[in-house]
Every structure is written in structure tokens, then in C-alpha cells.
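Engineer: Next comes structure_7.csv, CSV, N, CA and C atoms:
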chain,number,residue,atom,x,y,z
A,1,MET,N,51.1,40.9,282.6
A,1,MET,CA,50.6,42.0,283.4
A,1,MET,C,49.3,42.5,282.8
A,2,ALA,N,48.3,42.6,283.7
A,2,ALA,CA,47.0,43.1,283.2
A,2,ALA,C,47.1,44.6,283.0
A,3,THR,N,46.5,45.1,282.0
A,3,THR,CA,46.5,46.6,281.7
A,3,THR,C,45.1,47.1,282.0
A,4,GLY,N,45.0,48.3,282.5
A,4,GLY,CA,43.7,48.9,282.8
A,4,GLY,C,43.9,50.4,283.0
A,5,GLN,N,42.8,51.1,282.9
A,5,GLN,CA,42.9,52.6,283.1
A,5,GLN,C,42.8,52.8,284.6
A,6,VAL,N,43.6,53.7,285.1
A,6,VAL,CA,43.6,54.0,286.5
A,6,VAL,C,43.2,55.5,286.6
A,7,SER,N,42.3,55.8,287.6
A,7,SER,CA,41.9,57.1,287.8
A,7,SER,C,41.6,57.4,289.2
A,8,PHE,N,41.6,58.7,289.6
A,8,PHE,CA,41.4,59.0,291.0
A,8,PHE,C,40.0,59.8,291.1
A,9,HIS,N,39.4,59.6,292.2
A,9,HIS,CA,38.1,60.3,292.5
A,9,HIS,C,38.3,60.8,293.9
A,10,SER,N,37.6,61.8,294.3
A,10,SER,CA,37.7,62.4,295.6
A,10,SER,C,37.5,61.4,296.7
A,11,GLY,N,38.6,61.0,297.3
A,11,GLY,CA,38.5,60.0,298.4
A,11,GLY,C,38.5,58.6,298.0
A,12,SER,N,38.5,58.2,296.7
A,12,SER,CA,38.5,56.8,296.3
A,12,SER,C,39.5,56.6,295.2
A,13,PHE,N,40.0,55.4,295.0
A,13,PHE,CA,40.9,55.0,294.0
A,13,PHE,C,40.2,53.9,293.2
A,14,PHE,N,40.0,54.2,291.9
A,14,PHE,CA,39.3,53.2,291.0
A,14,PHE,C,40.2,52.8,289.9
A,15,THR,N,39.9,51.6,289.4
A,15,THR,CA,40.6,51.1,288.2
A,15,THR,C,39.5,50.5,287.2
A,16,LYS,N,39.8,50.6,285.9
A,16,LYS,CA,38.9,50.0,284.9
A,16,LYS,C,39.7,49.0,284.2
A,17,VAL,N,39.2,47.8,284.2
A,17,VAL,CA,39.7,46.6,283.4
A,17,VAL,C,38.7,46.2,282.4
A,18,GLY,N,38.9,46.4,281.2
A,18,GLY,CA,37.9,46.1,280.2
A,18,GLY,C,36.8,47.0,280.3
A,19,LEU,N,35.6,46.5,280.5
A,19,LEU,CA,34.4,47.3,280.7
A,19,LEU,C,34.0,47.4,282.2
A,20,ALA,N,34.7,46.7,283.1
A,20,ALA,CA,34.4,46.6,284.5
A,20,ALA,C,35.2,47.7,285.3
A,21,VAL,N,34.5,48.4,286.2
A,21,VAL,CA,35.1,49.4,287.1
A,21,VAL,C,35.1,48.9,288.5
A,22,TYR,N,36.3,48.9,289.1
A,22,TYR,CA,36.5,48.4,290.5
A,22,TYR,C,37.0,49.5,291.4
A,23,GLN,N,36.5,49.5,292.6
A,23,GLN,CA,37.0,50.4,293.6
A,23,GLN,C,38.2,49.7,294.3
A,24,VAL,N,39.4,50.2,294.2
A,24,VAL,CA,40.5,49.6,294.8
A,24,VAL,C,40.6,50.0,296.3
A,25,GLY,N,40.3,51.2,296.7
A,25,GLY,CA,40.4,51.6,298.1
A,25,GLY,C,40.0,53.0,298.3
A,26,THR,N,40.2,53.4,299.6
A,26,THR,CA,39.9,54.8,300.0
A,26,THR,C,41.2,55.5,300.1
A,27,VAL,N,41.3,56.7,299.5
A,27,VAL,CA,42.6,57.4,299.4
A,27,VAL,C,42.5,58.6,300.4
A,28,GLN,N,43.6,58.7,301.2
A,28,GLN,CA,43.7,59.8,302.2
A,28,GLN,C,44.4,61.0,301.6
A,29,GLU,N,45.5,60.8,300.9
A,29,GLU,CA,46.3,61.9,300.4
A,29,GLU,C,47.0,61.4,299.1
A,30,VAL,N,47.1,62.2,298.1
A,30,VAL,CA,47.8,61.9,296.9
A,30,VAL,C,48.8,63.1,296.6
A,31,THR,N,50.0,62.8,296.3
A,31,THR,CA,51.0,63.9,295.9
A,31,THR,C,51.7,63.4,294.6
A,32,PHE,N,52.1,64.3,293.8
A,32,PHE,CA,52.9,64.1,292.6
A,32,PHE,C,54.0,65.1,292.6
A,33,GLU,N,55.2,64.6,292.1
A,33,GLU,CA,56.3,65.5,292.0
A,33,GLU,C,56.9,65.4,290.6
A,34,PHE,N,57.1,66.5,290.0
A,34,PHE,CA,57.6,66.6,288.6
A,34,PHE,C,59.0,67.2,288.6
A,35,LYS,N,60.0,66.5,288.0
A,35,LYS,CA,61.4,67.0,288.0
A,35,LYS,C,61.9,67.0,286.5
A,36,ALA,N,62.6,68.0,286.2
A,36,ALA,CA,63.2,68.1,284.8
A,36,ALA,C,64.5,68.9,284.9
A,37,SER,N,65.4,68.6,284.0
A,37,SER,CA,66.7,69.3,284.0
A,37,SER,C,66.9,69.9,282.6
A,38,ASN,N,67.7,70.9,282.5
A,38,ASN,CA,68.0,71.6,281.3
A,38,ASN,C,69.4,71.2,280.9
A,39,LYS,N,69.6,71.0,279.6
A,39,LYS,CA,70.9,70.7,279.0
A,39,LYS,C,71.4,71.8,278.0
A,40,LYS,N,72.6,72.2,278.2
A,40,LYS,CA,73.1,73.2,277.2
A,40,LYS,C,73.6,72.4,275.9
A,41,LEU,N,73.2,72.9,274.8
A,41,LEU,CA,73.5,72.3,273.5
A,41,LEU,C,74.7,73.1,272.9
A,42,THR,N,75.8,72.5,272.9
A,42,THR,CA,77.0,73.3,272.4
A,42,THR,C,77.3,72.8,271.0
A,43,GLY,N,77.8,73.7,270.3
A,43,GLY,CA,78.3,73.4,268.9
A,43,GLY,C,79.8,73.6,268.8
A,44,GLU,N,80.3,74.2,267.8
A,44,GLU,CA,81.7,74.4,267.6
A,44,GLU,C,82.2,75.6,268.4
A,45,ASN,N,81.2,76.5,268.8
A,45,ASN,CA,81.6,77.7,269.5
A,45,ASN,C,81.9,77.5,270.9
A,46,GLN,N,82.3,78.5,271.6
A,46,GLN,CA,82.7,78.4,273.0
A,46,GLN,C,81.5,78.4,273.9
A,47,PHE,N,80.4,79.0,273.5
A,47,PHE,CA,79.2,79.1,274.3
A,47,PHE,C,78.1,78.3,273.8
A,48,ALA,N,77.1,78.0,274.6
A,48,ALA,CA,76.0,77.1,274.2
A,48,ALA,C,75.2,77.8,273.1
A,49,GLU,N,74.8,77.0,272.2
A,49,GLU,CA,73.9,77.4,271.1
A,49,GLU,C,72.5,77.5,271.5
A,50,ALA,N,72.0,76.6,272.4
A,50,ALA,CA,70.6,76.6,272.8
A,50,ALA,C,70.6,75.8,274.1
A,51,VAL,N,69.4,75.9,274.7
A,51,VAL,CA,69.2,75.1,275.9
A,51,VAL,C,67.9,74.2,275.6
A,52,GLY,N,68.0,72.9,275.9
A,52,GLY,CA,66.9,72.0,275.7
A,52,GLY,C,66.6,71.2,276.9
A,53,ALA,N,65.5,70.5,276.9
A,53,ALA,CA,65.1,69.7,278.0
A,53,ALA,C,66.0,68.4,278.1
A,54,GLY,N,66.4,68.1,279.4
A,54,GLY,CA,67.1,66.9,279.6
A,54,GLY,C,66.2,65.8,280.2
A,55,SER,N,66.7,65.1,281.1
A,55,SER,CA,65.9,64.0,281.7
A,55,SER,C,64.7,64.5,282.5
A,56,LYS,N,63.7,63.8,282.5
A,56,LYS,CA,62.4,64.2,283.2
A,56,LYS,C,62.0,63.0,284.0
A,57,GLU,N,61.4,63.3,285.2
A,57,GLU,CA,60.9,62.3,286.1
A,57,GLU,C,59.6,62.7,286.8
A,58,ILE,N,58.7,61.8,286.9
A,58,ILE,CA,57.4,62.0,287.6
A,58,ILE,C,57.3,60.9,288.6
A,59,THR,N,57.1,61.3,289.9
A,59,THR,CA,56.9,60.3,291.0
A,59,THR,C,55.6,60.7,291.7
A,60,GLY,N,55.0,59.7,292.3
A,60,GLY,CA,53.8,60.0,293.1
A,60,GLY,C,53.6,59.1,294.3
A,61,LYS,N,52.9,59.6,295.2
A,61,LYS,CA,52.6,58.8,296.4
A,61,LYS,C,51.1,58.9,296.7
A,62,ALA,N,50.5,57.8,297.3
A,62,ALA,CA,49.2,57.8,297.7
A,62,ALA,C,49.1,57.1,299.1
A,63,LYS,N,48.4,57.8,300.0
A,63,LYS,CA,48.2,57.2,301.3
A,63,LYS,C,46.8,56.6,301.3
A,64,SER,N,46.7,55.4,301.7
A,64,SER,CA,45.4,54.7,301.7
A,64,SER,C,44.9,54.4,303.1
A,65,GLY,N,43.6,54.6,303.2
A,65,GLY,CA,43.0,54.2,304.5
A,65,GLY,C,42.5,52.8,304.5
A,66,ARG,N,42.1,52.3,303.3
A,66,ARG,CA,41.6,50.9,303.1
A,66,ARG,C,41.8,50.6,301.6
A,67,PHE,N,42.3,49.3,301.4
A,67,PHE,CA,42.4,48.9,300.0
A,67,PHE,C,42.2,47.4,299.8
A,68,ASN,N,41.9,47.0,298.6
A,68,ASN,CA,41.7,45.7,298.3
A,68,ASN,C,42.9,45.1,297.7
A,69,GLY,N,43.7,44.4,298.5
A,69,GLY,CA,45.0,43.9,298.0
A,69,GLY,C,44.9,42.9,296.9
A,70,ALA,N,43.9,42.0,296.9
A,70,ALA,CA,43.8,41.0,295.9
A,70,ALA,C,43.5,41.7,294.5
A,71,LEU,N,42.7,42.8,294.6
A,71,LEU,CA,42.4,43.5,293.3
A,71,LEU,C,43.7,44.2,292.8
A,72,LEU,N,44.4,44.8,293.7
A,72,LEU,CA,45.7,45.5,293.3
A,72,LEU,C,46.6,44.5,292.6
A,73,ASN,N,46.7,43.3,293.2
A,73,ASN,CA,47.5,42.2,292.6
A,73,ASN,C,47.1,41.9,291.2
A,74,GLN,N,45.7,41.7,291.0
A,74,GLN,CA,45.2,41.4,289.7
A,74,GLN,C,45.5,42.4,288.7
A,75,VAL,N,45.3,43.7,289.1
A,75,VAL,CA,45.5,44.8,288.1
A,75,VAL,C,46.9,45.1,287.7
A,76,PHE,N,47.8,45.1,288.8
A,76,PHE,CA,49.2,45.5,288.5
A,76,PHE,C,50.2,44.3,288.3
A,77,PHE,N,50.0,43.2,288.9
A,77,PHE,CA,51.0,42.1,288.8
A,77,PHE,C,50.5,40.8,288.2
A,78,SER,N,49.2,40.5,288.2
A,78,SER,CA,48.6,39.3,287.7
A,78,SER,C,49.2,38.0,288.3
A,79,GLN,N,49.5,38.0,289.6
A,79,GLN,CA,50.1,36.8,290.2
A,79,GLN,C,49.0,36.1,290.9
A,80,PRO,N,49.1,34.7,291.0
A,80,PRO,CA,48.1,34.0,291.8
A,80,PRO,C,48.1,34.4,293.2
A,81,THR,N,46.9,34.4,293.9
A,81,THR,CA,46.9,34.7,295.3
A,81,THR,C,46.9,33.5,296.2
Show me this structure written as C-alpha cells.

Structural biologist:
Amino acid sequence: MATGQVSFHSGSFFTKVGLAVYQVGTVQEVTFEFKASNKKLTGENQFAEAVGAGSKEITGKAKSGRFNGALLNQVFFSQPT
């Protein structure tokens, strides 16, 4: 799998592989959702001693108006086209 830096610009989706920067496509809308849960940490006593962070999850969606599928394949999957 090829690794590269991924960044968003207003209306465009770019990726950087090595020193080269490529425009992957035109972005219409981007959303991110952050979820986390709290866990009670119990000891020998009847009540919780403290509360700490449990599992965390980040998900995202991007709606594209136009994209370069071959470039997406090269950046994320490295499969022959």
C-alpha cells in the first residue's frame, strides 16, 4: 500500500506522494463524526473510583463531484489498473 499525506482544500481533494502533489478530485461536502464512551473504573469499593475514556471512533464522508479513480487506486490500494 502506498503511503502519502492526504489534505483537503476548499472544493478540492489533494494527496502528496513523496514530493509530488496530485489533485484527486473536486469535493462537494465533507463531514466528520467523533464518538467516545466513558468507562467507570471500579476498585474494591461499591462505587466507581474514577471515570476514564473508553473506546473512541472517528468516521468521515466526502461527496465528490469529480475524481481521478486511477490516482485513488494508486494512493490507497496500489493495485494494477

Engineer: Mind listing whatever residues come within 10 Å of the point (50.1, 60.1, 296.7)? Use only C-alpha atoms, file coordinates, and give them as a list in words.

Structural biologist: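 Selection result: Val27, Gln28, Glu29, Val30, Thr31, Phe32, Glu33, Thr59, Gly60, Lys61, Ala62, Lys63 and Ser64 of chain A.
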
Engineer: I'd like to know which residues of segment 8-63 of chain A are strand (DSSP E) (by DSSP, run on the backbone); could you write them as a PyMOL selection string?

Structural biologist: chain A and resi 8-9+12-17+20-42+48-63

Engineer: Could those selected residues go to a file with N, CA and C atoms, as a compact mmCIF listing (two decimals), in the frame of the given file?

Structural biologist:
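Result file follows (out-v1.txt):
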# COMPACT_ATOMS: atom_id res chain seq x y z
N PHE A 8 41.60 58.70 289.60
CA PHE A 8 41.40 59.00 291.00
C PHE A 8 40.00 59.80 291.10
N HIS A 9 39.40 59.60 292.20
CA HIS A 9 38.10 60.30 292.50
C HIS A 9 38.30 60.80 293.90
N SER A 12 38.50 58.20 296.70
CA SER A 12 38.50 56.80 296.30
C SER A 12 39.50 56.60 295.20
N PHE A 13 40.00 55.40 295.00
CA PHE A 13 40.90 55.00 294.00
C PHE A 13 40.20 53.90 293.20
N PHE A 14 40.00 54.20 291.90
CA PHE A 14 39.30 53.20 291.00
C PHE A 14 40.20 52.80 289.90
N THR A 15 39.90 51.60 289.40
CA THR A 15 40.60 51.10 288.20
C THR A 15 39.50 50.50 287.20
N LYS A 16 39.80 50.60 285.90
CA LYS A 16 38.90 50.00 284.90
C LYS A 16 39.70 49.00 284.20
N VAL A 17 39.20 47.80 284.20
CA VAL A 17 39.70 46.60 283.40
C VAL A 17 38.70 46.20 282.40
N ALA A 20 34.70 46.70 283.10
CA ALA A 20 34.40 46.60 284.50
C ALA A 20 35.20 47.70 285.30
N VAL A 21 34.50 48.40 286.20
CA VAL A 21 35.10 49.40 287.10
C VAL A 21 35.10 48.90 288.50
N TYR A 22 36.30 48.90 289.10
CA TYR A 22 36.50 48.40 290.50
C TYR A 22 37.00 49.50 291.40
N GLN A 23 36.50 49.50 292.60
CA GLN A 23 37.00 50.40 293.60
C GLN A 23 38.20 49.70 294.30
N VAL A 24 39.40 50.20 294.20
CA VAL A 24 40.50 49.60 294.80
C VAL A 24 40.60 50.00 296.30
N GLY A 25 40.30 51.20 296.70
CA GLY A 25 40.40 51.60 298.10
C GLY A 25 40.00 53.00 298.30
N THR A 26 40.20 53.40 299.60
CA THR A 26 39.90 54.80 300.00
C THR A 26 41.20 55.50 300.10
N VAL A 27 41.30 56.70 299.50
CA VAL A 27 42.60 57.40 299.40
C VAL A 27 42.50 58.60 300.40
N GLN A 28 43.60 58.70 301.20
CA GLN A 28 43.70 59.80 302.20
C GLN A 28 44.40 61.00 301.60
N GLU A 29 45.50 60.80 300.90
CA GLU A 29 46.30 61.90 300.40
C GLU A 29 47.00 61.40 299.10
N VAL A 30 47.10 62.20 298.10
CA VAL A 30 47.80 61.90 296.90
C VAL A 30 48.80 63.10 296.60
N THR A 31 50.00 62.80 296.30
CA THR A 31 51.00 63.90 295.90
C THR A 31 51.70 63.40 294.60
N PHE A 32 52.10 64.30 293.80
CA PHE A 32 52.90 64.10 292.60
C PHE A 32 54.00 65.10 292.60
N GLU A 33 55.20 64.60 292.10
CA GLU A 33 56.30 65.50 292.00
C GLU A 33 56.90 65.40 290.60
N PHE A 34 57.10 66.50 290.00
CA PHE A 34 57.60 66.60 288.60
C PHE A 34 59.00 67.20 288.60
N LYS A 35 60.00 66.50 288.00
CA LYS A 35 61.40 67.00 288.00
C LYS A 35 61.90 67.00 286.50
N ALA A 36 62.60 68.00 286.20
CA ALA A 36 63.20 68.10 284.80
C ALA A 36 64.50 68.90 284.90
N SER A 37 65.40 68.60 284.00
CA SER A 37 66.70 69.30 284.00
C SER A 37 66.90 69.90 282.60
N ASN A 38 67.70 70.90 282.50
CA ASN A 38 68.00 71.60 281.30
C ASN A 38 69.40 71.20 280.90
N LYS A 39 69.60 71.00 279.60
CA LYS A 39 70.90 70.70 279.00
C LYS A 39 71.40 71.80 278.00
N LYS A 40 72.60 72.20 278.20
CA LYS A 40 73.10 73.20 277.20
C LYS A 40 73.60 72.40 275.90
N LEU A 41 73.20 72.90 274.80
CA LEU A 41 73.50 72.30 273.50
C LEU A 41 74.70 73.10 272.90
N THR A 42 75.80 72.50 272.90
CA THR A 42 77.00 73.30 272.40
C THR A 42 77.30 72.80 271.00
N ALA A 48 77.10 78.00 274.60
CA ALA A 48 76.00 77.10 274.20
C ALA A 48 75.20 77.80 273.10
N GLU A 49 74.80 77.00 272.20
CA GLU A 49 73.90 77.40 271.10
C GLU A 49 72.50 77.50 271.50
N ALA A 50 72.00 76.60 272.40
CA ALA A 50 70.60 76.60 272.80
C ALA A 50 70.60 75.80 274.10
N VAL A 51 69.40 75.90 274.70
CA VAL A 51 69.20 75.10 275.90
C VAL A 51 67.90 74.20 275.60
N GLY A 52 68.00 72.90 275.90
CA GLY A 52 66.90 72.00 275.70
C GLY A 52 66.60 71.20 276.90
N ALA A 53 65.50 70.50 276.90
CA ALA A 53 65.10 69.70 278.00
C ALA A 53 66.00 68.40 278.10
N GLY A 54 66.40 68.10 279.40
CA GLY A 54 67.10 66.90 279.60
C GLY A 54 66.20 65.80 280.20
N SER A 55 66.70 65.10 281.10
CA SER A 55 65.90 64.00 281.70
C SER A 55 64.70 64.50 282.50
N LYS A 56 63.70 63.80 282.50
CA LYS A 56 62.40 64.20 283.20
C LYS A 56 62.00 63.00 284.00
N GLU A 57 61.40 63.30 285.20
CA GLU A 57 60.90 62.30 286.10
C GLU A 57 59.60 62.70 286.80
N ILE A 58 58.70 61.80 286.90
CA ILE A 58 57.40 62.00 287.60
C ILE A 58 57.30 60.90 288.60
N THR A 59 57.10 61.30 289.90
CA THR A 59 56.90 60.30 291.00
C THR A 59 55.60 60.70 291.70
N GLY A 60 55.00 59.70 292.30
CA GLY A 60 53.80 60.00 293.10
C GLY A 60 53.60 59.10 294.30
N LYS A 61 52.90 59.60 295.20
CA LYS A 61 52.60 58.80 296.40
C LYS A 61 51.10 58.90 296.70
N ALA A 62 50.50 57.80 297.30
CA ALA A 62 49.20 57.80 297.70
C ALA A 62 49.10 57.10 299.10
N LYS A 63 48.40 57.80 300.00
CA LYS A 63 48.20 57.20 301.30
C LYS A 63 46.80 56.60 301.30

Engineer: Restricting the calculation to only N, CA and C atoms, which member of A:Leu72, A:Phe77, A:Phe34, A:Leu41 is positioned closest to Glu57 of chain A?

Structural biologist: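 For Glu57 of chain A, the nearest of the given residues is A:Phe34.
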
Engineer: Pick out the residues sitting within 5 Å of Lys39 of chain A, and hand them over as a VMD selection string; count all atoms listed in the file, and ignore anything fewer than 5 positions along from it in its own chain.

Structural biologist: chain A and resid 51 to 54

Engineer: Please produce a file of those selected residues containing N, CA and C atoms, as a PDB file, keeping the file's coordinate frame.

Structural biologist:
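Output contents, as saved in part_20.pdb:
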ATOM      1  N   VAL A  51      69.400  75.900 274.700  1.00  0.00           N
ATOM      2  CA  VAL A  51      69.200  75.100 275.900  1.00  0.00           C
ATOM      3  C   VAL A  51      67.900  74.200 275.600  1.00  0.00           C
ATOM      4  N   GLY A  52      68.000  72.900 275.900  1.00  0.00           N
ATOM      5  CA  GLY A  52      66.900  72.000 275.700  1.00  0.00           C
ATOM      6  C   GLY A  52      66.600  71.200 276.900  1.00  0.00           C
ATOM      7  N   ALA A  53      65.500  70.500 276.900  1.00  0.00           N
ATOM      8  CA  ALA A  53      65.100  69.700 278.000  1.00  0.00           C
ATOM      9  C   ALA A  53      66.000  68.400 278.100  1.00  0.00           C
ATOM     10  N   GLY A  54      66.400  68.100 279.400  1.00  0.00           N
ATOM     11  CA  GLY A  54      67.100  66.900 279.600  1.00  0.00           C
ATOM     12  C   GLY A  54      66.200  65.800 280.200  1.00  0.00           C
TER      13      GLY A  54
END

Engineer: How would you write, as number ranges by chain, the set of residues in chain A that DSSP gives as alpha helix (DSSP H)?

Structural biologist: A: 69-72

Engineer: May I have the residues within 8 Å of Gln23 of chain A as a PyMOL selection string, using all atoms listed in the file and disregarding those fewer than 6 positions away in the same chain?

Structural biologist: chain A and resi 12-16+67-68+71-72

Engineer: At what distance in Å, to one decimal, does atom CA of Val17 of chain A lie from atom CA of Gln74 of chain A?

Structural biologist: 9.8 Å

Engineer: What is the atom C of Val75 of chain A to atom N of Thr26 of chain A distance in Å?

Structural biologist: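 Straight-line distance from atom C of Val75 of chain A to atom N of Thr26 of chain A works out to 16.0 Å.
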
Engineer: Distance atom C of Ile58 of chain A-atom C of Asn73 of chain A, one decimal place?

Structural biologist: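 For atom C of Ile58 of chain A relative to atom C of Asn73 of chain A, the distance reads 21.7 Å.
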
Engineer: Could you check which of A:Leu19, A:Gly25, A:Phe47, A:Lys40 is closest to Gly65 of chain A, using only N, CA and C atoms?

Structural biologist: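 Between A:Leu19, A:Gly25, A:Phe47, A:Lys40, the residue approaching Gly65 of chain A most closely is A:Gly25.
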